[in-house]
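First comes the structure, then the notes that go with it.
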Amino acid sequence: GPSKDQVMETRKQFLSPGIFHYYERPVMIVEGKQQYLYDETGRRYLDAFGGIVTVSVGHSHPKLVKAVNEQNELIQHTTTIYLNDQVAYFAKELAEKLPPHLDSIYFVNSGSEANDLAILMARLYTGNYDVIALRNCYHGMSLGTMGLTAHATWKYPVAQGFGIHHALNPDPYRGRFGNDGEAYAEDVKDMLETATSGRVAAFFAEPIQGVGGAVVLADGYLKRTYEHIRNHGGVCIADEVQAGFGRTGTHYWGFETHGVSPDIVTMAKGIGNGLPLAAVATTREIASTLQKRIHFNTYGGNPVSAAAGRAVLKIIDEEGMQENCRVIGDYLLGRFAGLQEKHDVIGHCRGKGLMLGMELVKDRETKEPAGAETKKVFEDMKDMGVLIGKGGLHGNVFRIKPPMCWTMADAEFMCDAMDHALSRL
Ligand code: PMP
């Protein structure tokens with residue numbers, strides 16, 4: 001095939017200049033097997049980011065490849081105007097993973113589409129307009145969800161949302177009220193009473209903020225906030241695009257780790273292991289509001305993506321991947337605590353299961369973000385053969401969200417590499 005330089009040159013010439021890549025000298029990936037990636041020279045990398053938290057069961061998992069190939073040979077596309085078994089049975093199997101009241105599934109192709117649809121459903125169902133989301137949230141890049149996303153990095157002044165309000169972020173490390181979830185919930189109550197019409201359509205939150213840097217929402221926050229929202233006529237929406245499908249280890253869904261039960265759940269990324277697939281799950285009653293008008297999605301739940309989605313659900317269960325996330329995640333958090341004792345630059349380690357964050361600061365008192373140090377360790381990790389993610393409002397958080405099939409040896413390897421890279425700062 002073409003050389004890496006040729007690919008880079010062609011990309012520069014023909015891909016939109018707005019498309020960015022990781023690393024000063026980008027990595028080219030030609031193959032993936034489970035938790036490993038291979039570049040054009042055959043060099044192996046340990047994948048700690050899963051194509052942005054999307055490769056849930058591992059690269060080219062044999063069972064998934066088989067399911068997709070078989071469907072590919074049969075029929076690739078029908079749209080929902082004809083019956084096809086894959087999409088119907090996928091909906092059934094997905095609903096079986098959710099609380100019983102969320103038994104109505106609408107398939108779309110991306111997280112942004114799912115969240116757009118969730119806003120639409122909430123506004124139609126409640127007859128209200130205002131939507132509340134959190135600062136530091138990421139919900140997508142469509143014109144609708146760009147307004148919802150409140151993260152300076154991803155903010156365009158020309159694409160603001162209408163009727164969208166952003167509440168204080170219940171961030172235990174940087175937030176105004178520490179880990180006091182009820183105090184942040186009071187801010188939502190105040191916002192409902194003073195900044196909205198008093199009637200609200202929806203509240204949106206990721207149970208663990210992904211792009212925002214694996215921020216685990218403060219204790220008790222979602223429970224109390226859901227009460228306030230429902231008291232003001234709104235529905236509660238959980239964005240499970242990153243935290244869902246067993247990644248937290250202890251629970252299948254991120255919202256369960258907060259002891260709440262949403263009215264609408266949106267999902268994408270890990271649901272299809274990389275094939276374009278996303279979904280909105282809600283109650284039959286809320287979903288029924290769409291029957292008054294025609295709503296349509298050409299590719300949503302196409303047979304090949306649906307076959308992939310069904311395989312993902314099966315593999316997670318058959319191979320005990322949720323439990324694996326818990327075991328490996330606990331080990332990693334333990335190792336991170338050790339690294340934090342040794343390296344002053346580590347300000348905070350957090351997360352659940354295989355959705356972890358490590359925040360670097362110049363000073364533990366002021367919490368001044370250590371951007372340059374983050375970048376240096378990030379590059380060094382790549383040179384040592386580990387591809388990690390980064391994010392957070394200030395770009396100073398490592399995001400460790402690997403395929404759910406990581407082994408203890410992988411976890412040890414990454415921590416040793418991290419220790420080494422941090423020592424070199
Ligand atoms: N919600 C969350 C929590 C996300 O992390 C993302 C993507 N980073 C989205 C929604 C949007 O998904 P997509 O890129 O598939 O539109």
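FYI, nothing fancy with the structure tokens labels: chains A, B, ... in order, residues from 1 per chain, ligands from 1 as they appear.
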Subject >> 9 Å contact set for Pro303 in chain A, only C-alpha atoms, chain neighbours under 5 positions out, as a ChimeraX atom specification >> reply: /A:68,71-72,75-79,84-87,308
Atoms kept (C-alpha atoms) for selection, written as a PDB file, in the first residue's frame:
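Saved file result_18.pdb follows:
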```
ATOM      1  CA  VAL A  68     -21.152  -8.812  10.121  1.00  0.00           C
ATOM      2  CA  GLN A  71     -25.193 -10.264   7.160  1.00  0.00           C
ATOM      3  CA  ASN A  72     -23.110  -8.431   4.559  1.00  0.00           C
ATOM      4  CA  ILE A  75     -28.501  -7.920   2.512  1.00  0.00           C
ATOM      5  CA  GLN A  76     -26.734  -4.667   3.445  1.00  0.00           C
ATOM      6  CA  HIS A  77     -29.547  -2.181   3.404  1.00  0.00           C
ATOM      7  CA  THR A  78     -33.322  -2.137   3.409  1.00  0.00           C
ATOM      8  CA  THR A  79     -34.519   0.884   5.441  1.00  0.00           C
ATOM      9  CA  ASN A  84     -35.913  -7.285   8.410  1.00  0.00           C
ATOM     10  CA  ASP A  85     -35.218  -9.580  11.326  1.00  0.00           C
ATOM     11  CA  GLN A  86     -31.904  -7.985  12.423  1.00  0.00           C
ATOM     12  CA  VAL A  87     -33.256  -4.594  13.432  1.00  0.00           C
ATOM     13  CA  ALA A 308     -22.796  -5.885  14.781  1.00  0.00           C
TER      14      ALA A 308
END
```
Original post:
Can you list, as a count of residues only, every residue of range 84-221 of chain A that DSSP puts in strand (DSSP E)?
Top reply: 21
**OP:** Check the smallest atom-to-atom distance from each of A:Ala185, A:Leu393, A:Cys236, A:Leu277 to ligand 1 using only C-alpha atoms and all ligand atoms, then report the winner.
**Re:** A:Leu277
Original post:
If you count only C-alpha atoms, which residues fall within 10 Å of Leu64 in chain A, apart from same-chain ones fewer than 2 positions away, as a ChimeraX atom specification?
Top reply: /A:57-62,66-70,272-273,307-312,314-315
I'd like the neighbourhood of Thr41 in chain A as a CSV table (one decimal) with N, CA and C atoms, in the first residue's frame, where a residue qualifies if any of its atoms comes within 10 Å (using only C-alpha atoms), though same-chain residues fewer than 5 positions away should be ignored.
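Contents of the output file part-v5.csv:
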```csv
chain,number,residue,atom,x,y,z
A,3,SER,N,2.8,4.7,1.2
A,3,SER,CA,3.6,4.9,2.4
A,3,SER,C,2.8,5.9,3.3
A,4,LYS,N,3.3,5.9,4.6
A,4,LYS,CA,2.7,6.8,5.6
A,4,LYS,C,2.8,8.3,5.1
A,28,MET,N,-0.1,5.8,11.9
A,28,MET,CA,-1.0,5.2,10.9
A,28,MET,C,-1.3,3.8,11.3
A,29,ILE,N,-2.6,3.5,11.3
A,29,ILE,CA,-3.0,2.1,11.7
A,29,ILE,C,-3.5,1.4,10.5
A,30,VAL,N,-3.0,0.2,10.4
A,30,VAL,CA,-3.4,-0.6,9.2
A,30,VAL,C,-4.2,-1.9,9.6
```
Subject >> Within-6 Å residues of ligand 1, basis only C-alpha atoms and all ligand atoms, as a count of residues only >> reply: 13
**OP:** Report the distance between CA of Leu332 in chain A and CA of Glu412 in chain A in Å, rounded to one decimal place.
**Re:** 8.1 Å
**OP:** Run DSSP on the backbone of this structure and report the residues of range 95-293 of chain A it assigns to helix (DSSP H, G or I), as JSON, numbers by chain.
**Re:** {"A": [95, 111, 112, 113, 114, 115, 116, 117, 118, 119, 120, 121, 122, 123, 124, 125, 126, 143, 144, 145, 146, 147, 148, 152, 153, 154, 181, 182, 183, 184, 185, 186, 187, 188, 189, 190, 191, 192, 193, 194, 221, 222, 223, 224, 225, 226, 227, 228, 229, 230, 231, 254, 255, 256, 257, 258, 269, 270, 271, 284, 285, 286, 287, 288, 289, 290, 291, 292]}
Subject >> Nearest-residue call for Thr153 in chain A, choices A:Gly274, A:Pro170, A:Gly300, A:Gly391, using only C-alpha atoms >> reply: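 When distances to Thr153 in chain A are compared using only C-alpha atoms, the smallest one comes from A:Gly391.
Picture a line from CA of Met414 in chain A to CA of Tyr45 in chain A; it runs 10.6 Å.
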**OP:** Between CA of Arg335 in chain A and CA of Cys349 in chain A, measure the distance and give it in Å to one decimal.
**Re:** 10.2 Å
Subject >> All residues 8 Å or closer to range 178-182 of chain A, only C-alpha atoms, same chain fewer than 5 positions away omitted, as a VMD selection string >> reply: chain A and resid 170 to 173 217 to 222 224
**OP:** Excluding Lys92 in chain A and residues on its chain fewer than 5 positions from it, collect all residues at most 9 Å away from it, counting only C-alpha atoms, and give them as a ChimeraX atom specification.
**Re:** /A:87,103-105
